[in-house]
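Content type compact mmCIF, C-alpha atoms, from the file my_file_30.txt:
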```txt
# COMPACT_ATOMS: atom_id res chain seq x y z
CA MET E 1 -36.02 16.49 -28.66
CA THR E 2 -35.86 18.34 -31.93
CA ARG E 3 -36.09 21.62 -30.13
CA ALA E 4 -33.28 20.72 -27.73
CA PHE E 5 -31.12 19.69 -30.69
CA LYS E 6 -31.81 23.00 -32.38
CA ILE E 7 -30.78 24.93 -29.27
CA LEU E 8 -27.63 22.85 -29.02
CA THR E 9 -26.89 23.51 -32.70
CA PHE E 10 -27.44 27.23 -32.17
CA GLN E 11 -25.17 27.28 -29.15
CA THR E 12 -22.53 25.33 -31.07
CA SER E 13 -22.68 27.69 -33.99
CA VAL E 14 -22.32 30.72 -31.66
CA LEU E 15 -19.35 28.98 -30.06
CA LEU E 16 -17.84 28.17 -33.45
CA ALA E 17 -18.42 31.71 -34.64
CA GLY E 18 -16.71 32.98 -31.53
CA ILE E 19 -13.68 30.73 -32.07
CA LEU E 20 -13.56 31.78 -35.70
CA MET E 21 -13.66 35.48 -34.77
CA MET E 22 -10.91 35.02 -32.20
CA SER E 23 -8.69 33.34 -34.76
CA VAL E 24 -9.39 36.10 -37.29
CA VAL E 25 -8.45 38.72 -34.72
CA ALA E 26 -5.31 36.73 -33.91
CA ASP E 27 -4.44 36.58 -37.61
CA MET E 28 -5.04 40.29 -37.99
CA ALA E 29 -2.72 40.97 -35.10
CA LYS E 30 -0.06 38.83 -36.74
CA ALA E 31 -0.54 40.50 -40.11
CA ALA E 32 -0.48 44.10 -38.76
CA PRO E 33 2.02 44.60 -35.95
CA ALA E 34 1.68 47.67 -33.70
CA PRO E 35 2.18 50.83 -35.82
CA PRO E 36 5.72 52.17 -35.51
CA ALA E 37 6.18 54.91 -32.95
CA ALA E 38 8.95 57.20 -31.77
CA ALA E 39 9.18 59.64 -28.89
CA VAL E 40 10.92 62.98 -28.42
CA THR E 41 11.16 64.48 -24.96
CA ILE E 42 11.38 68.23 -24.48
CA GLY E 43 13.58 69.21 -21.53
CA ASN E 44 15.87 72.08 -20.55
CA PHE E 45 14.65 74.07 -23.56
CA THR E 46 15.89 71.42 -26.01
CA PHE E 47 14.43 68.61 -28.09
CA LYS E 48 16.33 65.83 -26.36
CA ALA E 49 16.67 63.83 -29.58
CA PRO E 50 17.36 66.64 -32.06
CA VAL E 51 17.51 64.29 -35.08
CA VAL E 52 15.28 61.21 -35.23
CA THR E 53 15.16 58.82 -38.21
CA VAL E 54 11.97 56.77 -38.67
CA ARG E 55 10.17 54.68 -41.31
CA PRO E 56 7.15 56.03 -43.19
CA GLY E 57 3.97 55.58 -41.17
CA THR E 58 5.70 56.24 -37.85
CA THR E 59 3.87 58.30 -35.27
CA VAL E 60 6.22 60.60 -33.39
CA THR E 61 5.08 61.86 -29.99
CA TRP E 62 6.64 64.88 -28.29
CA THR E 63 6.24 65.29 -24.52
CA ASN E 64 7.03 68.54 -22.73
CA GLY E 65 9.01 67.85 -19.57
CA ASP E 66 9.80 71.53 -18.85
CA ASP E 67 8.07 73.87 -16.39
CA ILE E 68 7.63 76.30 -19.28
CA PRO E 69 5.26 75.76 -22.22
CA HIS E 70 6.64 74.92 -25.64
CA THR E 71 5.29 74.20 -29.12
CA VAL E 72 6.31 71.83 -31.92
CA VAL E 73 6.01 73.64 -35.26
CA SER E 74 7.12 72.37 -38.66
CA LYS E 75 9.36 74.82 -40.53
CA ASP E 76 7.39 74.11 -43.71
CA GLY E 77 3.89 74.18 -42.28
CA VAL E 78 3.49 70.37 -42.30
CA PHE E 79 2.45 70.17 -38.64
CA ARG E 80 1.85 72.54 -35.76
CA SER E 81 1.04 71.65 -32.15
CA LYS E 82 -1.06 73.69 -29.81
CA VAL E 83 0.81 75.05 -26.82
CA LEU E 84 2.15 72.16 -24.72
CA ASP E 85 2.16 72.85 -21.01
CA THR E 86 4.13 70.65 -18.61
CA GLY E 87 3.40 66.98 -19.37
CA ASP E 88 1.34 67.71 -22.48
CA ARG E 89 1.91 65.62 -25.63
CA PHE E 90 1.66 66.14 -29.36
CA SER E 91 1.71 63.37 -31.98
CA PHE E 92 2.11 63.42 -35.74
CA THR E 93 2.21 60.48 -38.16
CA PHE E 94 4.79 60.80 -40.92
CA ALA E 95 3.27 59.04 -43.94
CA LYS E 96 5.79 60.07 -46.57
CA ALA E 97 9.57 59.99 -46.77
CA GLY E 98 11.41 63.27 -46.37
CA GLN E 99 13.22 65.55 -43.96
CA PHE E 100 11.05 67.57 -41.60
CA GLY E 101 12.68 70.41 -39.68
CA TYR E 102 10.75 71.85 -36.78
CA PHE E 103 11.15 74.34 -33.91
CA CYS E 104 9.45 75.79 -30.84
CA SER E 105 7.61 78.94 -31.93
CA LEU E 106 8.02 80.43 -28.44
CA HIS E 107 11.73 79.69 -28.12
CA PRO E 108 12.88 79.47 -31.73
CA HIS E 109 16.46 78.59 -30.80
CA MET E 110 14.97 75.14 -30.00
CA THR E 111 15.11 73.14 -33.24
CA GLY E 112 14.88 69.49 -34.33
CA THR E 113 14.56 67.29 -37.42
CA ILE E 114 12.59 64.14 -38.20
CA ILE E 115 14.07 62.15 -41.10
CA VAL E 116 11.58 59.71 -42.68
CA LYS E 117 13.24 56.95 -44.77
CA ALA E 118 11.72 53.78 -46.24
CA MET G 1 28.94 105.74 -16.33
CA SER G 2 27.39 107.12 -19.47
CA GLU G 3 29.41 108.57 -22.29
CA VAL G 4 27.81 111.89 -21.64
CA GLU G 5 28.96 111.89 -18.03
CA GLU G 6 32.39 110.78 -19.16
CA GLY G 7 32.39 113.57 -21.69
CA ARG G 8 31.38 116.09 -19.05
CA ARG G 9 34.09 114.83 -16.73
CA ASP G 10 36.72 114.99 -19.44
CA PHE G 11 35.55 118.47 -20.26
CA LEU G 12 35.78 119.58 -16.64
CA LYS G 13 39.23 118.00 -16.33
CA CYS G 14 40.24 119.85 -19.41
CA MET G 15 38.89 123.15 -18.10
CA ALA G 16 40.49 122.64 -14.69
CA TRP G 17 43.76 122.28 -16.47
CA ALA G 18 43.02 125.42 -18.44
CA GLY G 19 42.47 127.42 -15.26
CA THR G 20 39.72 129.65 -13.97
CA GLY G 21 37.55 129.50 -17.02
CA ALA G 22 36.07 126.24 -15.87
CA LEU G 23 33.30 127.50 -13.69
CA PHE G 24 32.26 130.15 -16.10
CA ALA G 25 32.20 127.78 -18.95
CA PHE G 26 30.18 125.29 -16.91
CA ASN G 27 27.65 127.90 -15.84
CA GLY G 28 27.58 129.25 -19.31
CA GLY G 29 26.09 125.98 -20.44
CA ILE G 30 27.97 122.89 -21.32
CA GLY G 31 25.75 122.40 -24.31
CA SER G 32 27.08 125.47 -26.05
CA SER G 33 30.60 125.13 -24.64
CA ILE G 34 31.14 121.78 -26.25
CA GLY G 35 28.81 122.58 -29.06
CA LEU G 36 31.32 121.43 -31.63
CA ASP G 37 30.72 117.93 -30.50
CA GLN G 38 27.12 117.54 -31.53
CA ALA G 39 27.09 113.99 -30.29
CA LEU G 40 27.53 115.19 -26.75
CA ALA G 41 25.56 118.36 -27.18
CA ALA G 42 22.23 116.79 -27.98
CA PRO G 43 21.55 115.07 -24.67
CA LEU G 44 22.67 118.04 -22.64
CA ARG G 45 20.25 120.45 -24.23
CA ARG G 46 17.34 121.18 -21.96
CA THR G 47 14.24 119.52 -23.26
CA THR G 48 10.65 120.62 -22.99
CA ALA G 49 9.93 117.61 -20.78
CA THR G 50 8.52 118.18 -17.31
CA PRO G 51 9.37 115.84 -14.43
CA PHE G 52 7.29 112.71 -14.05
CA THR G 53 7.61 109.06 -13.14
CA PHE G 54 6.26 105.87 -14.58
CA VAL G 55 6.53 102.26 -13.47
CA GLN G 56 7.59 99.19 -15.41
CA LEU G 57 6.01 95.86 -14.52
CA SER G 58 7.07 92.73 -16.37
CA ASP G 59 6.59 89.01 -16.74
CA SER G 60 3.63 88.62 -14.42
CA HIS G 61 2.93 85.14 -15.89
CA ILE G 62 -0.59 85.10 -14.42
CA GLY G 63 -1.52 81.40 -14.22
CA PHE G 64 1.98 80.19 -13.36
CA ASN G 65 1.69 77.90 -10.32
CA LYS G 66 4.83 75.77 -10.13
CA PRO G 67 7.97 76.00 -8.01
CA PRO G 68 9.25 78.45 -6.91
CA ASN G 69 5.92 80.32 -7.02
CA ALA G 70 2.65 78.47 -6.43
CA ASP G 71 0.61 81.62 -7.13
CA ALA G 72 1.84 84.22 -9.59
CA ARG G 73 -1.43 86.10 -9.05
CA ALA G 74 -0.54 86.74 -5.42
CA THR G 75 2.92 88.12 -6.21
CA PHE G 76 1.48 90.32 -8.97
CA ARG G 77 -1.01 91.67 -6.44
CA GLU G 78 1.93 92.44 -4.12
CA ALA G 79 3.74 94.24 -6.93
CA ILE G 80 0.66 96.36 -7.57
CA ALA G 81 0.36 97.15 -3.87
CA LYS G 82 3.96 98.31 -4.05
CA VAL G 83 3.12 100.66 -6.92
CA LYS G 84 0.19 102.08 -4.98
CA ALA G 85 2.46 102.66 -1.99
CA LEU G 86 5.03 104.69 -3.96
CA PRO G 87 5.44 108.16 -2.41
CA VAL G 88 5.14 109.77 -5.84
CA GLN G 89 2.38 108.17 -7.86
CA PRO G 90 3.51 107.36 -11.40
CA ASP G 91 1.69 108.90 -14.36
CA PHE G 92 1.22 105.43 -15.84
CA ILE G 93 2.45 101.84 -15.92
CA ILE G 94 4.11 99.96 -18.76
CA HIS G 95 3.91 96.16 -18.80
CA THR G 96 6.71 94.63 -20.85
CA GLY G 97 4.99 91.34 -21.64
CA ASP G 98 4.30 87.81 -20.54
CA VAL G 99 1.22 89.14 -18.82
CA SER G 100 -0.14 85.58 -18.84
CA GLN G 101 1.35 82.11 -18.65
CA LEU G 102 -0.76 80.50 -21.40
CA SER G 103 -2.79 83.33 -23.02
CA ARG G 104 -5.97 82.09 -21.35
CA ASP G 105 -8.89 84.48 -21.05
CA GLU G 106 -9.09 84.12 -17.28
CA GLU G 107 -5.37 84.90 -16.98
CA PHE G 108 -5.67 88.08 -19.06
CA ASP G 109 -8.85 88.99 -17.23
CA ASP G 110 -7.30 88.62 -13.77
CA ALA G 111 -4.28 90.70 -14.81
CA GLU G 112 -6.55 93.40 -16.20
CA GLN G 113 -8.72 93.50 -13.07
CA MET G 114 -5.71 93.69 -10.75
CA LEU G 115 -4.15 96.50 -12.80
CA LYS G 116 -7.44 98.40 -12.80
CA ALA G 117 -7.12 98.69 -9.04
CA THR G 118 -4.22 101.12 -9.55
CA GLY G 119 -6.48 103.58 -11.36
CA LEU G 120 -3.54 104.26 -13.70
CA PRO G 121 -3.29 103.95 -17.47
CA VAL G 122 -1.34 100.84 -18.49
CA PHE G 123 0.57 100.41 -21.75
CA PHE G 124 1.33 96.85 -22.85
CA VAL G 125 3.53 94.92 -25.23
CA PRO G 126 3.04 91.16 -25.60
CA GLY G 127 5.53 88.49 -24.55
CA GLU G 128 5.69 85.10 -26.24
CA HIS G 129 3.41 83.69 -23.53
CA ASP G 130 0.72 86.16 -24.65
CA MET G 131 0.69 84.78 -28.22
CA LEU G 132 -0.55 81.27 -27.38
CA ASP G 133 -4.25 81.50 -28.19
CA PRO G 134 -5.33 79.64 -31.35
CA ASP G 135 -5.28 82.94 -33.28
CA GLY G 136 -1.66 83.68 -32.36
CA GLY G 137 -2.06 86.77 -30.21
CA LYS G 138 -5.56 88.03 -31.05
CA ALA G 139 -6.82 87.48 -27.49
CA PHE G 140 -4.07 89.73 -26.13
CA LEU G 141 -4.48 92.38 -28.83
CA ASN G 142 -8.25 92.55 -28.47
CA ARG G 143 -7.87 93.27 -24.78
CA PHE G 144 -4.60 95.19 -24.42
CA GLY G 145 -3.64 96.31 -27.92
CA LYS G 146 -6.47 98.59 -28.98
CA GLY G 147 -5.31 101.14 -31.52
CA SER G 148 -1.98 99.39 -32.06
CA LYS G 149 -0.58 98.36 -35.42
CA GLY G 150 0.57 95.01 -36.79
CA ALA G 151 1.33 92.55 -34.00
CA GLY G 152 0.74 95.30 -31.40
CA TRP G 153 3.26 98.10 -31.89
CA TYR G 154 2.48 101.79 -31.29
CA SER G 155 3.93 105.02 -29.93
CA PHE G 156 2.74 107.92 -27.80
CA ASP G 157 4.06 111.14 -26.29
CA HIS G 158 4.01 112.08 -22.66
CA LYS G 159 5.27 115.38 -21.27
CA GLY G 160 7.85 115.79 -24.00
CA VAL G 161 9.08 112.19 -23.99
CA HIS G 162 8.35 109.92 -26.97
CA PHE G 163 7.44 106.33 -26.01
CA VAL G 164 7.72 103.53 -28.55
CA ALA G 165 6.21 100.08 -27.89
CA LEU G 166 7.76 97.35 -30.05
CA VAL G 167 6.77 93.70 -30.50
CA ASN G 168 9.58 91.17 -30.95
CA VAL G 169 7.71 87.94 -30.14
CA ALA G 170 5.57 87.54 -33.28
CA ASP G 171 6.36 85.27 -36.22
CA LEU G 172 9.65 84.02 -34.77
CA LYS G 173 12.01 82.24 -37.15
CA PRO G 174 13.45 78.73 -36.61
CA GLY G 175 16.86 78.90 -35.02
CA GLY G 176 16.48 82.61 -34.32
CA MET G 177 15.85 84.87 -31.32
CA GLY G 178 13.40 87.74 -30.96
CA ASN G 179 12.33 89.39 -34.21
CA LEU G 180 10.88 92.79 -35.11
CA GLY G 181 10.35 92.20 -38.82
CA ALA G 182 10.52 94.46 -41.87
CA GLU G 183 7.00 95.88 -41.53
CA GLN G 184 7.57 97.07 -37.96
CA LEU G 185 11.01 98.52 -38.77
CA LYS G 186 9.47 100.47 -41.63
CA TRP G 187 6.82 101.80 -39.28
CA LEU G 188 9.51 102.74 -36.72
CA ALA G 189 11.51 104.67 -39.31
CA ALA G 190 8.39 106.65 -40.23
CA ASP G 191 7.45 107.16 -36.58
CA LEU G 192 10.85 108.64 -35.71
CA ALA G 193 11.31 110.64 -38.88
CA GLY G 194 11.02 114.37 -38.36
CA ARG G 195 11.34 114.22 -34.59
CA PRO G 196 14.10 116.47 -33.25
CA SER G 197 17.15 114.55 -31.99
CA SER G 198 16.72 116.26 -28.63
CA THR G 199 13.45 114.37 -28.00
CA PRO G 200 14.02 111.88 -25.18
CA ILE G 201 12.96 108.43 -26.37
CA VAL G 202 11.83 105.44 -24.33
CA VAL G 203 11.55 102.16 -26.22
CA PHE G 204 9.94 99.15 -24.60
CA ALA G 205 9.66 95.56 -25.85
CA HIS G 206 9.52 92.12 -24.27
CA ILE G 207 12.74 90.40 -25.36
CA PRO G 208 15.95 92.41 -24.85
CA LEU G 209 16.91 94.55 -27.84
CA TRP G 210 20.55 93.62 -27.36
CA THR G 211 21.99 90.15 -27.18
CA VAL G 212 22.20 89.23 -23.52
CA TYR G 213 22.85 85.52 -24.22
CA ALA G 214 22.42 84.03 -27.69
CA ASP G 215 22.54 80.38 -26.53
CA TRP G 216 19.28 80.94 -24.68
CA GLY G 217 17.75 83.13 -27.38
CA TRP G 218 18.01 86.21 -25.14
CA GLY G 219 18.26 88.83 -27.84
CA THR G 220 16.55 90.19 -30.97
CA ASP G 221 17.91 89.23 -34.39
CA ASP G 222 17.14 92.50 -36.18
CA ALA G 223 17.49 94.87 -33.19
CA ALA G 224 20.53 96.54 -34.79
CA GLU G 225 18.28 97.98 -37.49
CA ALA G 226 16.03 99.57 -34.86
CA LEU G 227 19.00 100.89 -32.90
CA LYS G 228 20.41 102.45 -36.07
CA LEU G 229 17.21 104.48 -36.37
CA LEU G 230 17.52 105.55 -32.72
CA ALA G 231 21.23 106.43 -32.82
CA ARG G 232 20.77 110.13 -33.67
CA PHE G 233 18.69 110.82 -30.56
CA GLY G 234 20.42 112.28 -27.55
CA SER G 235 18.66 110.20 -24.92
CA VAL G 236 17.30 106.73 -25.58
CA THR G 237 16.21 104.34 -22.84
CA VAL G 238 15.37 100.76 -23.79
CA LEU G 239 13.28 98.81 -21.29
CA ASN G 240 12.82 95.05 -21.65
CA GLY G 241 11.69 91.99 -19.69
CA HIS G 242 11.79 88.29 -20.64
CA ILE G 243 14.90 87.29 -18.72
CA HIS G 244 13.46 87.89 -15.22
CA GLN G 245 16.52 89.62 -13.82
CA ILE G 246 18.19 93.02 -13.97
CA THR G 247 20.83 93.57 -16.59
CA GLN G 248 21.91 96.92 -17.93
CA LYS G 249 24.42 98.49 -20.23
CA VAL G 250 25.02 101.75 -22.03
CA GLU G 251 26.01 101.79 -25.67
CA GLY G 252 26.55 105.19 -27.20
CA ARG G 253 23.60 107.24 -26.03
CA ILE G 254 21.33 104.25 -25.59
CA ALA G 255 20.78 102.90 -22.09
CA PHE G 256 19.47 99.33 -21.90
CA HIS G 257 17.74 97.87 -18.89
CA THR G 258 15.84 94.65 -18.16
CA ALA G 259 13.38 94.35 -15.28
CA ARG G 260 12.69 91.65 -12.74
CA SER G 261 9.61 89.48 -13.11
CA THR G 262 6.77 89.58 -10.61
CA ALA G 263 6.39 85.78 -10.91
CA PHE G 264 9.69 83.87 -10.79
CA PRO G 265 13.42 84.49 -11.26
CA GLN G 266 15.51 82.87 -14.00
CA PRO G 267 19.17 81.86 -13.81
CA ALA G 268 21.91 84.28 -14.83
CA PRO G 269 23.07 83.62 -18.41
CA GLY G 270 24.98 80.36 -18.70
CA THR G 271 24.76 79.44 -15.02
CA ALA G 272 22.24 76.63 -15.59
CA PRO G 273 21.63 74.04 -18.33
CA SER G 274 18.72 76.15 -19.62
CA PRO G 275 16.54 79.14 -18.83
CA GLY G 276 13.33 78.53 -16.89
CA PRO G 277 12.07 79.06 -13.36
CA LEU G 278 14.90 79.23 -10.84
CA LYS G 279 13.69 77.10 -7.95
CA VAL G 280 14.76 79.27 -5.05
CA PRO G 281 13.68 78.64 -1.43
CA ALA G 282 10.38 80.31 -0.48
CA GLU G 283 12.11 82.80 1.85
CA GLN G 284 14.28 84.02 -1.06
CA LEU G 285 11.57 84.39 -3.69
CA HIS G 286 10.40 87.90 -2.84
CA SER G 287 13.93 89.27 -2.96
CA MET G 288 14.16 88.14 -6.59
CA LEU G 289 10.86 89.62 -7.81
CA GLY G 290 10.19 93.29 -8.25
CA ILE G 291 9.19 96.44 -10.08
CA THR G 292 11.08 99.27 -11.79
CA ASP G 293 10.33 102.91 -11.05
CA ALA G 294 11.44 105.27 -13.82
CA MET G 295 11.94 108.96 -13.08
CA PHE G 296 12.27 111.63 -15.68
CA VAL G 297 13.78 114.79 -14.24
CA ARG G 298 13.74 117.98 -16.24
CA GLY G 299 17.01 118.88 -17.90
CA HIS G 300 18.67 115.56 -17.17
CA ASP G 301 19.68 113.47 -20.10
CA ARG G 302 18.85 110.07 -18.70
CA ILE G 303 15.87 108.54 -17.06
CA ALA G 304 16.69 107.42 -13.54
CA LEU G 305 15.67 103.80 -12.99
CA ILE G 306 15.12 102.45 -9.52
CA ASP G 307 14.54 98.72 -9.17
CA SER G 308 12.98 97.50 -5.97
CA THR G 309 12.14 93.98 -4.87
CA LEU G 310 8.90 92.70 -3.40
CA SER G 311 10.68 92.01 -0.11
CA ALA G 312 11.95 95.56 0.31
```

Do you think you could lay out the structure here as structure tokens?
Amino acid sequence: MTRAFKILTFQTSVLLAGILMMSVVADMAKAAPAPPAAAVTIGNFTFKAPVVTVRPGTTVTWTNGDDIPHTVVSKDGVFRSKVLDTGDRFSFTFAKAGQFGYFCSLHPHMTGTIIVKA
Amino acid sequence: MSEVEEGRRDFLKCMAWAGTGALFAFNGGIGSSIGLDQALAAPLRRTTATPFTFVQLSDSHIGFNKPPNADARATFREAIAKVKALPVQPDFIIHTGDVSQLSRDEEFDDAEQMLKATGLPVFFVPGEHDMLDPDGGKAFLNRFGKGSKGAGWYSFDHKGVHFVALVNVADLKPGGMGNLGAEQLKWLAADLAGRPSSTPIVVFAHIPLWTVYADWGWGTDDAAEALKLLARFGSVTVLNGHIHQITQKVEGRIAFHTARSTAFPQPAPGTAPSPGPLKVPAEQLHSMLGITDAMFVRGHDRIALIDSTLSA
């Protein structure tokens, strides 16, 4: 009898702990919404959105839609992608406010700017 | 028609008008007859060069495998077979860049092995596709740029002709086009200094050294500074790739020429939203790929360039 009660208590506590954890996770989700993100497509030798304005903490992802490789290189050395072949992506998270000019180091006439504003 | 030929024609017209002196004057040597005009005289002077040919290959893009060409290795092999079948074997080959698609070792290696089959010396300059390894061009230079300076520039002499290999795909500037850079221009000035103006010069580089189409970056920002250094020479031939089609022009005594690719054609300037592979039907592809055979004939001021396609 005592033993059965103990097992029941144990099971209940596991159950309660589980419910508690779920609610904590739910609260966390409420408190921290999905991190902000933005996307820039590369196509026809252009950055399709040449100027993008985002909030600090935003992760910008570039995707190469061309049949020719490109790169995404900050003019000021803040970020630099590897070569992006067709369909390849590059992401960078902009923590601080500022204006970030960039270009394709293979085809330098391709330029773009990310503006980060609080 | 070149200025020199125009000059010669004008001269002959002039002498025909003057009467019977024409033939004599012509046989007597145009160079001395119009010697007052040094600009025209230089290219007409017989040089010490002996006849020879060389071949230009360009934009092999080994590793490219998308429309319109599923196998750029196969078309490069066909181009090399075409070189081997030439009735007069060239003394050497120049490759004007974009050897590879993505600067991968296996791409460089395959290109090197295929070129070895010709048994001919090959002189390279890198294209922007050859600068994509993590070290920004080291993989290309280690394999194809031995003995070169800076980003891969060098010069050599062959049978009286001075060849200059320039690199305009390194350290490109945002918003710009091709770029030679101050260090290379300084080297070029020193390389050309002291050479007689009668020396025939062949310059080769990947991106055109004149602005073919600025909107697509088809030009070299500081090319004018290089051309200034070349202006005093009587015969200058500039051979480029990058744009995957033949364009040519003559400016002063400088003849410019771009070669076809062995991998895929690109649209003519401004005829498409952007550069990039022109997706032609399979049966058309070979007529848009090719090689350039360059002939240097003794006493002639210009190199004769013969472009032929892979379908011919």

Pick out the residues sitting within 7 Å of Pro50 in chain E, and hand them over as JSON, numbers by chain; count all atoms listed in the file, and ignore anything fewer than 4 positions along from it in its own chain. {"E": [111, 112, 113]}

At most 9 Å to chain E: residues in chain G, only C-alpha atoms, as a list in words: Lys66, Pro67, Gln101, Leu102, Glu128, His129, Met131, Leu132, Asp133, Pro134, Val169, Ala170, Asp171, Leu172, Lys173, Pro174, Gly175, Gly176, Met177, Gly178, Ala214, Asp215, Trp216, Gly217, Pro273, Ser274, Pro275, Gly276 and Pro277 of chain G

Write the residues of the selection above to a file with C-alpha atoms, as a JSON list (two decimals), in the coordinates of the input.
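To be explicit, this is the file written out as again-v2.json:
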```
[["chain", "number", "residue", "atom", "x", "y", "z"],
["G", 66, "LYS", "CA", 4.83, 75.77, -10.13],
["G", 67, "PRO", "CA", 7.97, 76.00, -8.01],
["G", 101, "GLN", "CA", 1.35, 82.11, -18.65],
["G", 102, "LEU", "CA", -0.76, 80.50, -21.40],
["G", 128, "GLU", "CA", 5.69, 85.10, -26.24],
["G", 129, "HIS", "CA", 3.41, 83.69, -23.53],
["G", 131, "MET", "CA", 0.69, 84.78, -28.22],
["G", 132, "LEU", "CA", -0.55, 81.27, -27.38],
["G", 133, "ASP", "CA", -4.25, 81.50, -28.19],
["G", 134, "PRO", "CA", -5.33, 79.64, -31.35],
["G", 169, "VAL", "CA", 7.71, 87.94, -30.14],
["G", 170, "ALA", "CA", 5.57, 87.54, -33.28],
["G", 171, "ASP", "CA", 6.36, 85.27, -36.22],
["G", 172, "LEU", "CA", 9.65, 84.02, -34.77],
["G", 173, "LYS", "CA", 12.01, 82.24, -37.15],
["G", 174, "PRO", "CA", 13.45, 78.73, -36.61],
["G", 175, "GLY", "CA", 16.86, 78.90, -35.02],
["G", 176, "GLY", "CA", 16.48, 82.61, -34.32],
["G", 177, "MET", "CA", 15.85, 84.87, -31.32],
["G", 178, "GLY", "CA", 13.40, 87.74, -30.96],
["G", 214, "ALA", "CA", 22.42, 84.03, -27.69],
["G", 215, "ASP", "CA", 22.54, 80.38, -26.53],
["G", 216, "TRP", "CA", 19.28, 80.94, -24.68],
["G", 217, "GLY", "CA", 17.75, 83.13, -27.38],
["G", 273, "PRO", "CA", 21.63, 74.04, -18.33],
["G", 274, "SER", "CA", 18.72, 76.15, -19.62],
["G", 275, "PRO", "CA", 16.54, 79.14, -18.83],
["G", 276, "GLY", "CA", 13.33, 78.53, -16.89],
["G", 277, "PRO", "CA", 12.07, 79.06, -13.36]]
```

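Here CA of Arg253 in chain G is placed at a distance of 15.5 Å from CA of His162 in chain G.
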
Closest to Thr199 in chain G among G:Arg302, G:Gln184, G:Ser261, G:Pro87, using all atoms listed in the file? G:Arg302

Separation of CA of His242 in chain G from CA of Val280 in chain G in Å: 18.3 Å

One decimal place gives the CA of His286 in chain G-CA of Trp210 in chain G separation as 27.1 Å

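Taking all atoms listed in the file, the non-local environment of Ala49 in chain E within 10 Å (same-chain residues fewer than 6 positions away omitted) comprises E:Ala39, E:Val40, E:Thr41, E:Ile42, E:Gly112, E:Thr113, E:Ile114.
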
With all atoms listed in the file counted, which protein, DNA or RNA residues have an atom no more than 8 Å from (3.2, 60.6, -40.0) in the file frame? Please answer as a tab-separated table (two decimals) with C-alpha atoms, in the coordinates of the input.
```tsv
chain	number	residue	atom	x	y	z
E	56	PRO	CA	7.15	56.03	-43.19
E	57	GLY	CA	3.97	55.58	-41.17
E	58	THR	CA	5.70	56.24	-37.85
E	59	THR	CA	3.87	58.30	-35.27
E	60	VAL	CA	6.22	60.60	-33.39
E	92	PHE	CA	2.11	63.42	-35.74
E	93	THR	CA	2.21	60.48	-38.16
E	94	PHE	CA	4.79	60.80	-40.92
E	95	ALA	CA	3.27	59.04	-43.94
E	96	LYS	CA	5.79	60.07	-46.57
```

For Pro267 in chain G, the closest of G:Gln245, G:Ser198, G:Thr292, G:Ser287 counting all atoms listed in the file is G:Gln245

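Of the residues listed (G:Asp59, G:Glu106, G:Phe54, G:Asn65), G:Phe54 shows the shortest atom-to-atom separation from Pro121 in chain G; distances use all atoms listed in the file.
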